[in-house]
Amino acid sequence: MESIIQELREARVGKVLTNEPLADYTTWKIGGPADVLVVPDGKRELAETVAILHRHGQPFTTIGRGSNTLVLDKGVRGVVVKLGRGLDTVRFDGDVVTAGGAVSLITLSVRAGKEGLTGLEFAGGIPGTVGGAVYMNAGAHGSDMSRILIEAEIVLETGETVRLGNDEMEFSYRHSLLHRRPGIVTEAVLQLRRGDRKEIAAAMATYKDRRLKTQPLQLATAGSTFRNPDGDHAARLIEQAGLKGYRIGGAEVSMQHANFIINTGGATADDVLRLMEHMQRRVFETSGVMLTPEVLVVGER
Ligand SMILES: Cc1cc2nc3c(=O)[nH]c(=O)nc-3n(C[C@H](O)[C@H](O)[C@H](O)COP(=O)(O)OP(=O)(O)OC[C@H]3O[C@@H](n4cnc5c(N)ncnc54)[C@H](O)[C@@H]3O)c2cc1C
């Protein structure tokens with residue numbers, strides 16, 4: 001690992017941190033350290049980082065805003081890559097917007113609204129990055145990334161950069177091609193439409209209001225813990241199993257939204273995992289449905 005660290009530093013790819021605690025890089029505020037955390041400053045730096053790792057046969061984990069990720073307590077062995085400045089640029093060109101992989105989805109949707117562009121209102125409450133949103137095909141309020149993405153620029157495991165069109169991304173519910181073919185999204189090109197600024201702002205305000213009423217937005221969570229089963233809602237099944245407010249260690253099923261797990265302060269990843277396992281077991285016993293996690297788990301338990 002020392003020679004990889006040295007090579008990354010010599011290539012001036014950006015910050016190269018060792019034994020870096022990852023809790024602050026996630027919305028759950030949970031998780032152990034990464035052996036190495038690289039924060040490439042731009043496209044060249046990112047492609048070079050990946051190429052160096054590939055040459056050394058060193059696998060890596062990508063993290064965005066960590067808003068859908070549970071980092072386990074012993075942390076992540078090897079290298080974690082997080083997109084840095086230089087990958088957070090936004091360009092409007094008529095009704096098309098090109099956004100870097102590190103751009104905040106919330107900021108982007110607000111900016112699009114101010115430009116009088118409609119199509120991103122659904123993303124106004126999704127606290128991830130553009131890259132994480134493409135990976136997850138993030139969505140809400142009846143829309144998702146697959147509805148607006150024209151193409152994505154992706155650095156493959158080899159360090160090679162490709163551009164993939166929407167039809168190549170294998171989008172489905174909270175799923176994209178990237179789940180089976182590793183790569184880092186450096187840029188997304190999105191097709192929006194001209195709209196009325198006031199109507200866009202009103203729609204976003206309505207969505208925000210709805211979230212404030214139904215989700216514990218001031219607390220440390222990772223959004224929906226489990227995927228919604230076909231034709232049903234995970235939250236409904238969890239509530240029906242009597243689990244609202246159920247707690248293991250510092251992890252608690254939200255009273256406000258049963259599919260959200262709150263870090264009440266000092267929760268470990270193990271608390272969250274044990275709570276998730278308990279929720280799956282109880283929901284299965286009460287409804288016969290086995291819930292599938294939506295949050296992604298990385299690192300060592
Ligand atoms: C309060 C709250 C509300 C939420 N509401 C919603 C919602 O309404 N709808 C919804 O879909 N989600 C929601 N989420 C979940 C989360 O915000 C989304 O899944 C988001 O898209 C994750 O983005 P991220 O950058 O945080 O990704 P991370 O959690 O950092 O990573 C998620 C996955 O994406 C990969 N990834 C990250 N960046 C890149 C990149 N540049 N290239 C390739 N892969 C990458 C990671 O490797 C990982 O596998 C919510 C979360 C919270 C905390």
# chains A, B, ... in the order shown; residues from 1 in each chain; ligands from 1
$ residues_near_ligand --ligand "ligand 1" --cutoff "8 Å" --atoms "only C-alpha atoms and all ligand atoms" --output "JSON, numbers by chain"
{"A": [26, 27, 28, 61, 62, 63, 64, 65, 66, 67, 68, 69, 70, 82, 83, 101, 102, 104, 122, 123, 125, 126, 127, 128, 129, 130, 131, 132, 133, 134, 135, 136, 137, 138, 139, 140, 141, 144, 154, 174, 178, 179, 182, 183, 184, 185, 186, 215, 216, 217, 220, 221, 222, 223, 224, 295, 296]}
$ residues_around --residues "A:Arg9" --least-positions-apart "5" --cutoff "12 Å" --atoms "only C-alpha atoms" --output "number ranges by chain"
A: 2-4, 14-18, 36-40, 45, 48-49, 52
$ write_last_selection --atoms "N, CA, C and O atoms" --output "tab-separated table (two decimals), in the first residue's frame"
chain	number	residue	atom	x	y	z
A	2	GLU	N	2.05	1.18	0.68
A	2	GLU	CA	2.93	2.37	0.74
A	2	GLU	C	3.31	2.88	-0.65
A	2	GLU	O	3.32	4.08	-0.90
A	3	SER	N	3.61	1.92	-1.57
A	3	SER	CA	4.04	2.36	-2.90
A	3	SER	C	2.87	2.98	-3.67
A	3	SER	O	3.05	3.92	-4.45
A	4	ILE	N	1.65	2.50	-3.41
A	4	ILE	CA	0.47	3.10	-4.06
A	4	ILE	C	0.29	4.53	-3.56
A	4	ILE	O	0.09	5.47	-4.34
A	14	GLY	N	-4.55	14.89	-5.80
A	14	GLY	CA	-5.41	15.57	-4.83
A	14	GLY	C	-5.05	15.04	-3.45
A	14	GLY	O	-3.97	14.47	-3.26
A	15	LYS	N	-5.98	15.23	-2.50
A	15	LYS	CA	-5.68	14.79	-1.13
A	15	LYS	C	-5.55	13.26	-1.07
A	15	LYS	O	-6.36	12.54	-1.67
A	16	VAL	N	-4.53	12.79	-0.37
A	16	VAL	CA	-4.37	11.35	-0.11
A	16	VAL	C	-4.23	11.21	1.41
A	16	VAL	O	-3.20	11.57	1.97
A	17	LEU	N	-5.29	10.76	2.07
A	17	LEU	CA	-5.29	10.70	3.53
A	17	LEU	C	-5.22	9.24	3.98
A	17	LEU	O	-5.81	8.37	3.34
A	18	THR	N	-4.50	9.00	5.07
A	18	THR	CA	-4.42	7.62	5.56
A	18	THR	C	-5.16	7.50	6.89
A	18	THR	O	-5.22	8.44	7.66
A	36	VAL	N	-6.99	4.23	3.18
A	36	VAL	CA	-6.56	5.38	2.39
A	36	VAL	C	-7.80	6.03	1.79
A	36	VAL	O	-8.68	5.34	1.27
A	37	LEU	N	-7.88	7.34	1.91
A	37	LEU	CA	-8.97	8.09	1.26
A	37	LEU	C	-8.33	9.05	0.25
A	37	LEU	O	-7.50	9.89	0.63
A	38	VAL	N	-8.70	8.87	-1.02
A	38	VAL	CA	-8.17	9.76	-2.07
A	38	VAL	C	-9.30	10.67	-2.53
A	38	VAL	O	-10.42	10.21	-2.76
A	39	VAL	N	-9.00	11.95	-2.64
A	39	VAL	CA	-10.00	12.93	-3.09
A	39	VAL	C	-9.45	13.62	-4.34
A	39	VAL	O	-8.84	14.69	-4.25
A	40	PRO	N	-9.64	13.00	-5.51
A	40	PRO	CA	-9.09	13.58	-6.74
A	40	PRO	C	-9.76	14.92	-7.06
A	40	PRO	O	-10.96	15.08	-6.89
A	45	GLU	N	-7.20	13.95	-12.71
A	45	GLU	CA	-6.71	13.40	-11.45
A	45	GLU	C	-7.46	12.11	-11.08
A	45	GLU	O	-6.88	11.15	-10.59
A	48	GLU	N	-6.41	9.29	-13.43
A	48	GLU	CA	-5.07	8.85	-13.09
A	48	GLU	C	-5.07	8.02	-11.80
A	48	GLU	O	-4.40	6.99	-11.71
A	49	THR	N	-5.88	8.45	-10.83
A	49	THR	CA	-6.01	7.68	-9.58
A	49	THR	C	-6.45	6.26	-9.89
A	49	THR	O	-5.85	5.28	-9.43
A	52	ILE	N	-3.79	4.21	-11.65
A	52	ILE	CA	-2.72	3.77	-10.72
A	52	ILE	C	-3.21	2.57	-9.90
A	52	ILE	O	-2.53	1.55	-9.77
$ residues_around --residues "A:Ile262" --least-positions-apart "2" --cutoff "8 Å" --atoms "only C-alpha atoms" --output "list in words"
Trp28, Leu219, Ala220, Thr221, Ala251, Glu252, Val253, Ser254, Phe260 and Thr264 of chain A
$ select_by_dssp --residues "stretch 36-158 of chain A" --states "helix (DSSP H, G or I)" --output "VMD selection string"
chain A and resid 43 to 55 105 to 114 121 to 125 130 to 136 145 to 147
$ write_last_selection --atoms "N, CA, C and O atoms" --output "compact mmCIF listing (two decimals), in the first residue's frame"
# COMPACT_ATOMS: atom_id res chain seq x y z
N LYS A 43 -11.06 15.72 -13.37
CA LYS A 43 -11.21 14.52 -14.21
C LYS A 43 -9.88 13.82 -14.46
O LYS A 43 -9.78 12.61 -14.37
N ARG A 44 -8.85 14.61 -14.81
CA ARG A 44 -7.55 14.00 -15.09
C ARG A 44 -7.07 13.27 -13.84
O ARG A 44 -6.62 12.12 -13.89
N GLU A 45 -7.20 13.95 -12.71
CA GLU A 45 -6.71 13.40 -11.45
C GLU A 45 -7.46 12.11 -11.08
O GLU A 45 -6.88 11.15 -10.59
N LEU A 46 -8.76 12.11 -11.36
CA LEU A 46 -9.56 10.92 -11.04
C LEU A 46 -9.16 9.75 -11.94
O LEU A 46 -8.92 8.63 -11.46
N ALA A 47 -9.06 10.03 -13.25
CA ALA A 47 -8.70 8.96 -14.19
C ALA A 47 -7.32 8.40 -13.84
O ALA A 47 -7.09 7.18 -13.89
N GLU A 48 -6.41 9.29 -13.43
CA GLU A 48 -5.07 8.85 -13.09
C GLU A 48 -5.07 8.02 -11.80
O GLU A 48 -4.40 6.99 -11.71
N THR A 49 -5.88 8.45 -10.83
CA THR A 49 -6.01 7.68 -9.58
C THR A 49 -6.45 6.26 -9.89
O THR A 49 -5.85 5.28 -9.43
N VAL A 50 -7.51 6.16 -10.70
CA VAL A 50 -8.07 4.84 -11.00
C VAL A 50 -7.05 4.00 -11.78
O VAL A 50 -6.88 2.80 -11.53
N ALA A 51 -6.33 4.65 -12.71
CA ALA A 51 -5.33 3.92 -13.50
C ALA A 51 -4.22 3.39 -12.60
O ALA A 51 -3.77 2.24 -12.75
N ILE A 52 -3.79 4.21 -11.65
CA ILE A 52 -2.72 3.77 -10.72
C ILE A 52 -3.21 2.57 -9.90
O ILE A 52 -2.53 1.55 -9.77
N LEU A 53 -4.45 2.68 -9.38
CA LEU A 53 -5.00 1.58 -8.57
C LEU A 53 -5.11 0.32 -9.42
O LEU A 53 -4.80 -0.78 -8.95
N HIS A 54 -5.53 0.50 -10.67
CA HIS A 54 -5.68 -0.66 -11.57
C HIS A 54 -4.32 -1.33 -11.82
O HIS A 54 -4.22 -2.56 -11.77
N ARG A 55 -3.31 -0.52 -12.06
CA ARG A 55 -1.96 -1.07 -12.31
C ARG A 55 -1.47 -1.89 -11.12
O ARG A 55 -0.77 -2.88 -11.28
N LEU A 105 -27.04 17.18 -5.38
CA LEU A 105 -28.29 17.07 -6.15
C LEU A 105 -29.30 18.13 -5.71
O LEU A 105 -30.04 18.68 -6.54
N ILE A 106 -29.28 18.44 -4.42
CA ILE A 106 -30.21 19.46 -3.90
C ILE A 106 -29.86 20.82 -4.50
O ILE A 106 -30.71 21.52 -5.04
N THR A 107 -28.57 21.17 -4.44
CA THR A 107 -28.14 22.46 -5.00
C THR A 107 -28.47 22.52 -6.49
O THR A 107 -28.94 23.55 -6.99
N LEU A 108 -28.24 21.42 -7.19
CA LEU A 108 -28.48 21.40 -8.63
C LEU A 108 -29.96 21.63 -8.94
O LEU A 108 -30.30 22.40 -9.85
N SER A 109 -30.84 20.99 -8.16
CA SER A 109 -32.26 21.13 -8.45
C SER A 109 -32.73 22.57 -8.17
O SER A 109 -33.54 23.12 -8.92
N VAL A 110 -32.17 23.18 -7.13
CA VAL A 110 -32.53 24.56 -6.83
C VAL A 110 -32.04 25.48 -7.96
O VAL A 110 -32.77 26.35 -8.45
N ARG A 111 -30.81 25.26 -8.39
CA ARG A 111 -30.26 26.10 -9.48
C ARG A 111 -31.06 25.95 -10.76
O ARG A 111 -31.34 26.92 -11.46
N ALA A 112 -31.43 24.71 -11.08
CA ALA A 112 -32.22 24.47 -12.30
C ALA A 112 -33.54 25.23 -12.22
O ALA A 112 -33.97 25.87 -13.18
N GLY A 113 -34.17 25.18 -11.03
CA GLY A 113 -35.43 25.89 -10.84
C GLY A 113 -35.26 27.38 -11.09
O GLY A 113 -36.09 28.02 -11.73
N LYS A 114 -34.16 27.92 -10.56
CA LYS A 114 -33.91 29.36 -10.73
C LYS A 114 -33.67 29.71 -12.19
O LYS A 114 -33.93 30.83 -12.63
N GLU A 121 -37.25 18.84 -10.04
CA GLU A 121 -37.94 19.16 -8.78
C GLU A 121 -37.92 17.97 -7.83
O GLU A 121 -37.79 18.12 -6.62
N PHE A 122 -38.04 16.76 -8.37
CA PHE A 122 -38.11 15.55 -7.54
C PHE A 122 -36.88 15.39 -6.64
O PHE A 122 -36.92 14.74 -5.60
N ALA A 123 -35.75 16.00 -7.08
CA ALA A 123 -34.48 15.77 -6.39
C ALA A 123 -34.18 16.79 -5.30
O ALA A 123 -33.14 16.72 -4.65
N GLY A 124 -35.10 17.72 -5.08
CA GLY A 124 -34.87 18.82 -4.13
C GLY A 124 -34.66 18.36 -2.70
O GLY A 124 -34.17 19.13 -1.87
N GLY A 125 -35.00 17.11 -2.38
CA GLY A 125 -34.83 16.64 -1.00
C GLY A 125 -33.93 15.41 -0.92
O GLY A 125 -33.94 14.70 0.08
N VAL A 130 -24.57 13.96 -7.59
CA VAL A 130 -25.03 13.56 -8.91
C VAL A 130 -24.53 12.14 -9.23
O VAL A 130 -25.28 11.30 -9.74
N GLY A 131 -23.26 11.86 -8.89
CA GLY A 131 -22.70 10.52 -9.16
C GLY A 131 -23.45 9.44 -8.41
O GLY A 131 -23.82 8.40 -8.97
N GLY A 132 -23.72 9.68 -7.12
CA GLY A 132 -24.44 8.71 -6.30
C GLY A 132 -25.87 8.53 -6.80
O GLY A 132 -26.43 7.43 -6.77
N ALA A 133 -26.45 9.62 -7.31
CA ALA A 133 -27.83 9.57 -7.79
C ALA A 133 -27.92 8.77 -9.09
O ALA A 133 -28.90 8.03 -9.31
N VAL A 134 -26.91 8.88 -9.94
CA VAL A 134 -26.91 8.08 -11.17
C VAL A 134 -26.73 6.60 -10.80
O VAL A 134 -27.46 5.73 -11.27
N TYR A 135 -25.77 6.34 -9.90
CA TYR A 135 -25.52 4.96 -9.47
C TYR A 135 -26.82 4.32 -8.95
O TYR A 135 -27.17 3.20 -9.28
N MET A 136 -27.53 5.09 -8.10
CA MET A 136 -28.72 4.56 -7.42
C MET A 136 -29.99 4.72 -8.24
O MET A 136 -31.05 4.26 -7.85
N MET A 145 -33.76 9.59 -11.85
CA MET A 145 -32.68 10.05 -12.75
C MET A 145 -32.84 9.51 -14.16
O MET A 145 -32.47 10.17 -15.13
N SER A 146 -33.40 8.30 -14.28
CA SER A 146 -33.53 7.69 -15.61
C SER A 146 -34.42 8.51 -16.54
O SER A 146 -34.32 8.43 -17.75
N ARG A 147 -35.30 9.34 -15.94
CA ARG A 147 -36.22 10.15 -16.76
C ARG A 147 -35.52 11.34 -17.40
O ARG A 147 -36.06 11.93 -18.34
$ atom_distance --atom1 "atom CA of A:Gly245" --atom2 "atom CA of A:Pro229"
21.8 Å
